[in-house]
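Visitor: The structure that follows is given in the form of structure tokens.
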Amino acid sequence: MGMTMSQKILAAHAGLDEVKAGQLIEAKLDLVLGNDVTTPVAINVFEQNGATKVFDNTKIAMIMDHFTPNKDIKAATLVKQTRDFANKYDIKNYRDVGEMGIEHALLPEMGLVGPGCLCIGADSHTCTYGALGAFSTGVGSTDMCAGMISGKAWFKVPSAIKFNLVGKPQGFVSGKDVILHIIGKIGVDGALYKSMEFTGEGVKHLNIDDRLCIANMAIEAGAKNGIFPVDEITREYCDGRYQGTPVAYEADEDAVYDEEYTIDLSELRPTVSFPHLPENTRTIDEIGETEVKIDQVVIGSCTNGRISDLRAAANVLKGKKLANGVRCIVIPGTQKIWKQAMHEGLFDIFIDAGAVVSTPTCGPCLGGHMGILAAGERAVSTTNRNFVGRMGHVDSEVYLASPAVAAASAVTGYITNPEKV
Amino acid sequence: MENAKGRVHKFGDNVDTDVIIPARYLNTASHKELAAHCMEDIDKEFVNKVQEGDIMVATKNFGCGSSREHAPIAIKASGVSCVIASSFARIFYRNAINIGLPIIECPEAAENISEGDIVAIDFNTGVITDETTGKTFQGEPFPEFIQNIIQKGGLINSIK
């Protein structure tokens with residue numbers, strides 16, 4: 001029986017010729033990731049268990065991105081604990097303020113992940129790197145700790161759902177709209193325990209940032225991982241950047257999938273997820289022009305904080321002003337993206353419109369800091385979750401959308417179709 | 001594994017880790033502090049009601065969202081002895097095993113057990129008994145591989 005792309009990567013890292021869905025395997029890891037929220041818990045487990053060394057100090061990344069620049073004394077203490085550990089064990093890829101970025105924007109940029117690699121991260125959006133043809137998945141802190149010690153992790157080999165992408169996205173439709181559409185179709189547990197494998201001729205119309213955004217939100221459908229085939233666009237991005245040896249795995253022609261969907265990208269419309277689940281989607285055409293009044297817009301995160309996202313927002317905001325009473329917070333994903341956006345003049349557009357530009361941080365996405373909502377407030381956000389209380393008070397609301405829709409909404413003060421701004 | 005018995009706190013579909021332990025409390029790794037805010041954004045009174053040994057019952061996709069291990073830690077540290085659900089989000093499932101919070105999948109039990117019922121779980125057989133209604137349900141016992149992790153006292157001990 002043929003294997004899916006995800007199964008092939010797992011088999012290769014487990015030293016097996018073949019694996020089957022449901023099989024329990026132990027596989028070698030190419031990278032173990034943690035952040036300032038999850039790493040301290042892993043360090044506590046590490047120390048409580050008397051561990052004294054890590055498997056490979058070049059294959060562990062600790063990225064201080066959630067509550068940084070340190071939002072309060074407790075957060076500062078967690079970062080200090082991590083920094084001390086990183087110094088003690090000479091962790092090469094520890095990144096703090098000044099060198100850090102939002103982890104899932106930063107790791108691909110640093111070349112720490114690439115085609116064919118196997119990565120676990122103590123952050124649910126670790127599935128992002130599937131965009132580059134990697135098998136990567138989120139785990140908890142104890143798994144992170146075990147990975148740091150042994151360089152291995154156990155996996156239950158997932159079955160897969162195949163998404164055959166055809167056609168070319170039109171107008172303002174971006175990777176975000178593709179993944180929100182898919183989550184709206186299959187639900188927040190539609191791919192529970194499974195791989196989401198994206199394939200088809202439509203893939204070539206999605207740039208690397210679109211793919212990173214789509215793979216990033218595979219977890220919002222419950223998936224173990226999301227993965228794209230390796231093509232010219234992947235190679236162009238990874239050449240000279242990826243520090244490992246890229247291996248392009250392909251699904252077997254007779255690979256078995258639990259389900260198959262065909263998604264015509266040319267038919268998709270800008271899509272918004274209403275509170276309080278990512279599956280509550282509506283197309284922009286199904287939302288009244290003054291139906292949803294908003295207080296805040298966030299453009300950034302591991303989902304949409306990349307340069308294409310900032311360009312898309314700037315394209316809509318150019319020469320315009322924010323609506324009265326609307327706050328717009330723009331958060332470039334990494335220092336490099338920040339600098340590039342600055343050089344491209346995007347900051348002039350944002351600031352002239354009345355938006356603010358923040359240093360990279362996960363901040364408001366998870367209700368950490370830098371843009372918390374009060375009771376009754378509503379935000380349009382390019383982030384990935386709109387659960388109850390996600391960005392602040394339990395009586396606040398988050399609407400998930402693309403950078404173009406978020407920017408258009410900032411201009412009018414209501415959820416707005418960017419075609420109409 | 002020790003069996004569990006206690007009073008039920010019932011929840012619905014898609015209980016996410018943001019409501020189990022809101023991110024505003026993730027600036028600590030203290031189990032006690034996390035437990036003090038367990039379920040705060042879905043049931044403010046939970047921490048006042050929960051008793052040692054109580055059981056949490058929910059329907060599909062329990063623990064979806066963030067990978068924060070603080071979520072099963074908060075539940076365990078609040079005194080809950082087992083979570084029964086129709087299905088679990090996969091990272092939560094792993095985390096619960098890794099930190100030693102007993103969980104069991106059983107859609108029939110999740111649908112039929114009510115708030116306040118007294119429920120007993122036999123982890124060796126997977127049998128769940130609702131002592132209030134007298135109904136029994138067959139849950140999915142852990143595969144041997146996972147039982148082995150639990151028997152060795154968690155993931156870290158199992159790789160030593």
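Identifiers in the structure tokens: chain A, B, ... in order shown; residue index from 1 per chain; ligand index from 1 in order shown.
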Give me the region 21-130 of chain A side of the contact with region 97-108 of chain B, cut-off 12 Å, one line per residue showing its nearest atom pair and distance in Å at one decimal, counting only C-alpha atoms, sorted by chain and residue number, as a Markdown table.
Guide:
```
| residue | atom | partner | partner_atom | distance |
| --- | --- | --- | --- | --- |
| A:Val41 | CA | B:Ile99 | CA | 11.2 |
| A:Ala42 | CA | B:Ile99 | CA | 11.4 |
| A:Val45 | CA | B:Ile99 | CA | 9.8 |
```
Visitor: For the residues selected in the previous step, produce a file with C-alpha atoms as a short mmCIF file (atom, residue, chain, number, x, y, z; two decimals), in the first residue's frame.
Guide:
```
data_model
loop_
_atom_site.label_atom_id
_atom_site.label_comp_id
_atom_site.auth_asym_id
_atom_site.auth_seq_id
_atom_site.Cartn_x
_atom_site.Cartn_y
_atom_site.Cartn_z
CA VAL A 41 7.80 24.07 31.74
CA ALA A 42 10.12 21.80 29.70
CA VAL A 45 10.71 18.69 33.75
#
```
Visitor: Listing only residues of chain A within 6 Å of chain B, what is the closest atom pair and its distance in Å (to one decimal) for each, using only C-alpha atoms, sorted by chain and residue number ascending, as CSV?
Guide:
```
residue,atom,partner,partner_atom,distance
A:Lys74,CA,B:Asn27,CA,5.4
A:Ala75,CA,B:Asn27,CA,4.9
A:Asp123,CA,B:Ser67,CA,5.3
A:Ser124,CA,B:Ser67,CA,4.7
A:Val139,CA,B:Ile91,CA,5.5
A:Gly140,CA,B:Glu69,CA,5.3
A:Ala146,CA,B:Ile156,CA,5.9
A:Tyr193,CA,B:Arg90,CA,5.8
A:Gly368,CA,B:Arg24,CA,5.7
```
Visitor: Only C-alpha atoms, please: the residues just picked out, written as a PDB file, in the first residue's frame.
Guide:
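Full text of result_38.pdb as output:
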```
ATOM      1  CA  LYS A  74       6.624  37.016  35.926  1.00  0.00           C
ATOM      2  CA  ALA A  75       7.173  36.892  32.144  1.00  0.00           C
ATOM      3  CA  ASP A 123       3.661  25.453  20.171  1.00  0.00           C
ATOM      4  CA  SER A 124       0.589  24.292  18.324  1.00  0.00           C
ATOM      5  CA  VAL A 139       3.494  19.062  21.079  1.00  0.00           C
ATOM      6  CA  GLY A 140       3.577  19.985  24.749  1.00  0.00           C
ATOM      7  CA  ALA A 146      12.009  14.364  25.953  1.00  0.00           C
ATOM      8  CA  TYR A 193      -5.307  13.331  14.364  1.00  0.00           C
ATOM      9  CA  GLY A 368      -0.916  38.362  26.153  1.00  0.00           C
TER      10      GLY A 368
END
```
Visitor: Determine which residues of region 52-214 of chain A receive a DSSP assignment of strand (DSSP E), computed from the backbone, and state them as a ChimeraX atom specification.
Guide: /A:60-63,93-95,118-121,135-138,152-156,160-166,195-199
Visitor: Just give me the gap between CA of Asn87 (chain A) and CA of Val54 (chain A) in Å, one decimal is fine.
Guide: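 Calculated distance between CA of Asn87 (chain A) and CA of Val54 (chain A) is 12.5 Å.
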Visitor: Quick one: of A:Asp189, A:Asp295, A:Asp264, A:Glu103, who's nearest to Glu397 (chain A), counting only C-alpha atoms?
Guide: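 Among the listed residues, the smallest separation from Glu397 (chain A) belongs to A:Asp295.
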Visitor: For each of A:Gly325, A:Gly133, A:Leu317, A:Phe172, take the minimum atom-to-atom distance to Asp231 (chain A), counting only C-alpha atoms, then give the residue where this is smallest.
Guide: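 That would be A:Gly133, the residue with the smallest distance to Asp231 (chain A).
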Visitor: Please identify all polymer residues within 6 Å of region 276-289 of chain A, counting only C-alpha atoms, omitting same-chain residues fewer than 4 positions from it, and present them as a PyMOL selection string.
Guide: chain A and resi 183-184+187-188+269-272+386-388+417
Visitor: Limited to N, CA and C atoms, could you put the picked residues into a file as a PDB file, in the first residue's frame?
Guide:
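Output file out-v2.pdb is given in full below:
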```pdb
ATOM      1  N   ILE A 183     -11.418  25.308   6.621  1.00  0.00           N
ATOM      2  CA  ILE A 183     -11.840  25.040   8.009  1.00  0.00           C
ATOM      3  C   ILE A 183     -13.364  25.197   8.126  1.00  0.00           C
ATOM      4  N   GLY A 184     -13.901  26.175   7.423  1.00  0.00           N
ATOM      5  CA  GLY A 184     -15.354  26.353   7.411  1.00  0.00           C
ATOM      6  C   GLY A 184     -16.057  25.132   6.839  1.00  0.00           C
ATOM      7  N   GLY A 187     -14.652  21.869   9.441  1.00  0.00           N
ATOM      8  CA  GLY A 187     -14.858  22.055  10.882  1.00  0.00           C
ATOM      9  C   GLY A 187     -13.567  22.002  11.688  1.00  0.00           C
ATOM     10  N   VAL A 188     -13.670  22.459  12.948  1.00  0.00           N
ATOM     11  CA  VAL A 188     -12.465  22.566  13.786  1.00  0.00           C
ATOM     12  C   VAL A 188     -11.917  21.209  14.238  1.00  0.00           C
ATOM     13  N   ARG A 269     -13.758  33.450  -2.176  1.00  0.00           N
ATOM     14  CA  ARG A 269     -13.957  34.876  -1.907  1.00  0.00           C
ATOM     15  C   ARG A 269     -13.251  35.216  -0.587  1.00  0.00           C
ATOM     16  N   PRO A 270     -12.926  36.492  -0.357  1.00  0.00           N
ATOM     17  CA  PRO A 270     -12.401  36.850   0.958  1.00  0.00           C
ATOM     18  C   PRO A 270     -13.343  36.306   2.041  1.00  0.00           C
ATOM     19  N   THR A 271     -12.744  35.685   3.053  1.00  0.00           N
ATOM     20  CA  THR A 271     -13.521  34.914   4.036  1.00  0.00           C
ATOM     21  C   THR A 271     -13.190  35.380   5.457  1.00  0.00           C
ATOM     22  N   VAL A 272     -14.213  35.392   6.296  1.00  0.00           N
ATOM     23  CA  VAL A 272     -14.052  35.858   7.683  1.00  0.00           C
ATOM     24  C   VAL A 272     -14.609  34.784   8.624  1.00  0.00           C
ATOM     25  N   ASN A 386     -10.191  32.562  17.411  1.00  0.00           N
ATOM     26  CA  ASN A 386     -11.186  33.536  17.878  1.00  0.00           C
ATOM     27  C   ASN A 386     -12.020  32.961  19.014  1.00  0.00           C
ATOM     28  N   PHE A 387     -11.368  32.110  19.826  1.00  0.00           N
ATOM     29  CA  PHE A 387     -12.050  31.490  20.964  1.00  0.00           C
ATOM     30  C   PHE A 387     -12.515  32.558  21.956  1.00  0.00           C
ATOM     31  N   VAL A 388     -13.415  32.149  22.841  1.00  0.00           N
ATOM     32  CA  VAL A 388     -13.898  33.051  23.905  1.00  0.00           C
ATOM     33  C   VAL A 388     -12.686  33.581  24.703  1.00  0.00           C
ATOM     34  N   ASN A 417     -15.274  44.605   2.680  1.00  0.00           N
ATOM     35  CA  ASN A 417     -14.682  44.015   1.486  1.00  0.00           C
ATOM     36  C   ASN A 417     -13.607  44.960   0.941  1.00  0.00           C
TER      37      ASN A 417
END
```
Visitor: Do a neighbour search on region 110-118 of chain B at 12 Å with only C-alpha atoms, toss out local chain neighbours closer than 5 positions, and write the hits as a PyMOL selection string.
Guide: chain B and resi 4-13+49-51+53-62+83-88+104-105+128-139
Visitor: Would you work out the distance separating CA of Gln147 (chain B) from CA of Leu31 (chain A), expressed in Å to one decimal?
Guide: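 These two atoms are separated by 27.1 Å.
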Visitor: DSSP on the backbone: which residues in region 55-188 of chain A end up as alpha helix (DSSP H)? Give the answer as a JSON list (two decimals) with N, CA and C atoms, in the first residue's frame.
Guide:
```json
[["chain", "number", "residue", "atom", "x", "y", "z"],
["A", 73, "ILE", "N", 6.86, 41.20, 35.40],
["A", 73, "ILE", "CA", 7.96, 40.57, 36.15],
["A", 73, "ILE", "C", 7.92, 39.05, 36.00],
["A", 74, "LYS", "N", 6.72, 38.48, 36.06],
["A", 74, "LYS", "CA", 6.62, 37.02, 35.93],
["A", 74, "LYS", "C", 7.13, 36.55, 34.56],
["A", 75, "ALA", "N", 6.73, 37.26, 33.49],
["A", 75, "ALA", "CA", 7.17, 36.89, 32.14],
["A", 75, "ALA", "C", 8.69, 37.05, 32.04],
["A", 76, "ALA", "N", 9.20, 38.13, 32.61],
["A", 76, "ALA", "CA", 10.65, 38.37, 32.58],
["A", 76, "ALA", "C", 11.39, 37.23, 33.28],
["A", 77, "THR", "N", 10.78, 36.71, 34.35],
["A", 77, "THR", "CA", 11.40, 35.62, 35.11],
["A", 77, "THR", "C", 11.45, 34.34, 34.28],
["A", 78, "LEU", "N", 10.38, 34.08, 33.52],
["A", 78, "LEU", "CA", 10.36, 32.89, 32.66],
["A", 78, "LEU", "C", 11.43, 33.00, 31.57],
["A", 79, "VAL", "N", 11.55, 34.19, 30.98],
["A", 79, "VAL", "CA", 12.56, 34.38, 29.93],
["A", 79, "VAL", "C", 13.96, 34.24, 30.52],
["A", 80, "LYS", "N", 14.15, 34.77, 31.72],
["A", 80, "LYS", "CA", 15.47, 34.67, 32.36],
["A", 80, "LYS", "C", 15.83, 33.21, 32.64],
["A", 81, "GLN", "N", 14.83, 32.44, 33.08],
["A", 81, "GLN", "CA", 15.06, 31.02, 33.34],
["A", 81, "GLN", "C", 15.51, 30.32, 32.05],
["A", 82, "THR", "N", 14.85, 30.67, 30.94],
["A", 82, "THR", "CA", 15.17, 30.06, 29.66],
["A", 82, "THR", "C", 16.57, 30.50, 29.19],
["A", 83, "ARG", "N", 16.84, 31.80, 29.34],
["A", 83, "ARG", "CA", 18.15, 32.35, 28.91],
["A", 83, "ARG", "C", 19.28, 31.66, 29.69],
["A", 84, "ASP", "N", 19.08, 31.49, 31.00],
["A", 84, "ASP", "CA", 20.12, 30.85, 31.83],
["A", 84, "ASP", "C", 20.35, 29.41, 31.38],
["A", 85, "PHE", "N", 19.24, 28.72, 31.08],
["A", 85, "PHE", "CA", 19.36, 27.32, 30.61],
["A", 85, "PHE", "C", 20.10, 27.29, 29.27],
["A", 86, "ALA", "N", 19.72, 28.21, 28.38],
["A", 86, "ALA", "CA", 20.34, 28.24, 27.04],
["A", 86, "ALA", "C", 21.83, 28.52, 27.16],
["A", 87, "ASN", "N", 22.21, 29.39, 28.07],
["A", 87, "ASN", "CA", 23.64, 29.68, 28.29],
["A", 87, "ASN", "C", 24.35, 28.45, 28.84],
["A", 88, "LYS", "N", 23.72, 27.81, 29.83],
["A", 88, "LYS", "CA", 24.34, 26.65, 30.48],
["A", 88, "LYS", "C", 24.61, 25.52, 29.49],
["A", 103, "GLU", "N", 8.14, 32.89, 16.28],
["A", 103, "GLU", "CA", 8.87, 31.65, 15.99],
["A", 103, "GLU", "C", 8.59, 31.07, 14.60],
["A", 104, "HIS", "N", 7.32, 31.03, 14.19],
["A", 104, "HIS", "CA", 7.02, 30.35, 12.93],
["A", 104, "HIS", "C", 7.25, 31.23, 11.70],
["A", 105, "ALA", "N", 7.52, 32.51, 11.95],
["A", 105, "ALA", "CA", 8.02, 33.36, 10.86],
["A", 105, "ALA", "C", 9.53, 33.28, 10.84],
["A", 106, "LEU", "N", 10.12, 33.15, 12.03],
["A", 106, "LEU", "CA", 11.58, 33.20, 12.16],
["A", 106, "LEU", "C", 12.30, 31.93, 11.70],
["A", 107, "LEU", "N", 11.80, 30.76, 12.10],
["A", 107, "LEU", "CA", 12.54, 29.52, 11.81],
["A", 107, "LEU", "C", 12.72, 29.26, 10.31],
["A", 108, "PRO", "N", 11.68, 29.43, 9.50],
["A", 108, "PRO", "CA", 11.90, 29.27, 8.06],
["A", 108, "PRO", "C", 12.91, 30.30, 7.53],
["A", 109, "GLU", "N", 12.80, 31.53, 8.02],
["A", 109, "GLU", "CA", 13.70, 32.60, 7.58],
["A", 109, "GLU", "C", 15.15, 32.29, 7.93],
["A", 110, "MET", "N", 15.37, 31.71, 9.13],
["A", 110, "MET", "CA", 16.72, 31.35, 9.56],
["A", 110, "MET", "C", 17.25, 30.11, 8.84],
["A", 141, "SER", "N", 5.12, 20.60, 26.48],
["A", 141, "SER", "CA", 6.46, 20.85, 27.04],
["A", 141, "SER", "C", 7.19, 19.57, 27.42],
["A", 142, "THR", "N", 6.45, 18.55, 27.88],
["A", 142, "THR", "CA", 7.12, 17.30, 28.27],
["A", 142, "THR", "C", 7.67, 16.59, 27.04],
["A", 143, "ASP", "N", 6.91, 16.63, 25.93],
["A", 143, "ASP", "CA", 7.44, 16.08, 24.68],
["A", 143, "ASP", "C", 8.67, 16.87, 24.23],
["A", 144, "MET", "N", 8.60, 18.19, 24.40],
["A", 144, "MET", "CA", 9.76, 19.02, 24.04],
["A", 144, "MET", "C", 10.97, 18.59, 24.86],
["A", 145, "CYS", "N", 10.75, 18.40, 26.16],
["A", 145, "CYS", "CA", 11.83, 18.02, 27.05],
["A", 145, "CYS", "C", 12.42, 16.66, 26.63],
["A", 146, "ALA", "N", 11.54, 15.70, 26.37],
["A", 146, "ALA", "CA", 12.01, 14.36, 25.95],
["A", 146, "ALA", "C", 12.79, 14.47, 24.65],
["A", 147, "GLY", "N", 12.32, 15.32, 23.74],
["A", 147, "GLY", "CA", 13.02, 15.54, 22.47],
["A", 147, "GLY", "C", 14.38, 16.18, 22.68],
["A", 148, "MET", "N", 14.47, 17.12, 23.62],
["A", 148, "MET", "CA", 15.75, 17.78, 23.89],
["A", 148, "MET", "C", 16.77, 16.79, 24.45],
["A", 149, "ILE", "N", 16.28, 15.84, 25.25],
["A", 149, "ILE", "CA", 17.18, 14.87, 25.88],
["A", 149, "ILE", "C", 17.59, 13.78, 24.88],
["A", 150, "SER", "N", 16.58, 13.24, 24.17],
["A", 150, "SER", "CA", 16.84, 12.02, 23.39],
["A", 150, "SER", "C", 16.98, 12.25, 21.89],
["A", 175, "GLY", "N", -3.85, 33.21, 0.85],
["A", 175, "GLY", "CA", -3.74, 31.94, 1.57],
["A", 175, "GLY", "C", -4.69, 31.88, 2.76],
["A", 176, "LYS", "N", -4.87, 33.00, 3.44],
["A", 176, "LYS", "CA", -5.74, 33.04, 4.60],
["A", 176, "LYS", "C", -7.17, 32.66, 4.24],
["A", 177, "ASP", "N", -7.62, 33.18, 3.10],
["A", 177, "ASP", "CA", -9.00, 32.88, 2.67],
["A", 177, "ASP", "C", -9.14, 31.40, 2.31],
["A", 178, "VAL", "N", -8.05, 30.84, 1.74],
["A", 178, "VAL", "CA", -8.07, 29.42, 1.37],
["A", 178, "VAL", "C", -8.26, 28.56, 2.62],
["A", 179, "ILE", "N", -7.46, 28.84, 3.64],
["A", 179, "ILE", "CA", -7.52, 27.98, 4.83],
["A", 179, "ILE", "C", -8.79, 28.24, 5.65],
["A", 180, "LEU", "N", -9.23, 29.50, 5.71],
["A", 180, "LEU", "CA", -10.50, 29.74, 6.43],
["A", 180, "LEU", "C", -11.65, 29.03, 5.73],
["A", 181, "HIS", "N", -11.63, 29.07, 4.39],
["A", 181, "HIS", "CA", -12.66, 28.36, 3.62],
["A", 181, "HIS", "C", -12.65, 26.87, 3.95],
["A", 182, "ILE", "N", -11.46, 26.29, 3.97],
["A", 182, "ILE", "CA", -11.34, 24.84, 4.22],
["A", 182, "ILE", "C", -11.81, 24.50, 5.64],
["A", 183, "ILE", "N", -11.42, 25.31, 6.62],
["A", 183, "ILE", "CA", -11.84, 25.04, 8.01],
["A", 183, "ILE", "C", -13.36, 25.20, 8.13],
["A", 184, "GLY", "N", -13.90, 26.18, 7.42],
["A", 184, "GLY", "CA", -15.35, 26.35, 7.41],
["A", 184, "GLY", "C", -16.06, 25.13, 6.84],
["A", 185, "LYS", "N", -15.40, 24.49, 5.88],
["A", 185, "LYS", "CA", -15.97, 23.32, 5.21],
["A", 185, "LYS", "C", -15.89, 22.06, 6.06],
["A", 186, "ILE", "N", -14.72, 21.82, 6.68],
["A", 186, "ILE", "CA", -14.53, 20.54, 7.38],
["A", 186, "ILE", "C", -14.69, 20.65, 8.89]]
```
Visitor: Name the residues in contact with Val298 (chain A) at a cut-off of 9 Å, using only C-alpha atoms, excluding same-chain residues fewer than 4 positions from it; report them as a PyMOL selection string.
Guide: chain A and resi 327-331+364-365+371+379-383+403+406-407
Visitor: Hey, what's within 6 Å of Gly34 (chain A) if we count only C-alpha atoms and toss same-chain stuff fewer than 4 positions away? As a list in words, please?
Guide: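 Counting only the stated atoms, we get Thr38, Thr39, Met62, Gly121 and Ala122 of chain A.
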Visitor: Would you pick out the contacts of Leu34 (chain B) at 6 Å or less, using only C-alpha atoms, so that residues sharing its chain but fewer than 3 positions from it are not included, and give the list as a PyMOL selection string?
Guide: chain B and resi 31+37+74
Visitor: For the selection you just gave me, I'd like the residues written to a file as a short mmCIF file (atom, residue, chain, number, x, y, z; two decimals), in the first residue's frame, keeping C-alpha atoms.
Guide:
```
data_model
loop_
_atom_site.label_atom_id
_atom_site.label_comp_id
_atom_site.auth_asym_id
_atom_site.auth_seq_id
_atom_site.Cartn_x
_atom_site.Cartn_y
_atom_site.Cartn_z
CA HIS B 31 0.84 24.27 39.21
CA HIS B 37 -7.65 29.85 37.33
CA ALA B 74 -4.27 23.14 35.67
#
```
Visitor: By how many Å are CA of Cys119 (chain A) and CA of Asp56 (chain A) apart?
Guide: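 Between CA of Cys119 (chain A) and CA of Asp56 (chain A) the gap is 13.7 Å.
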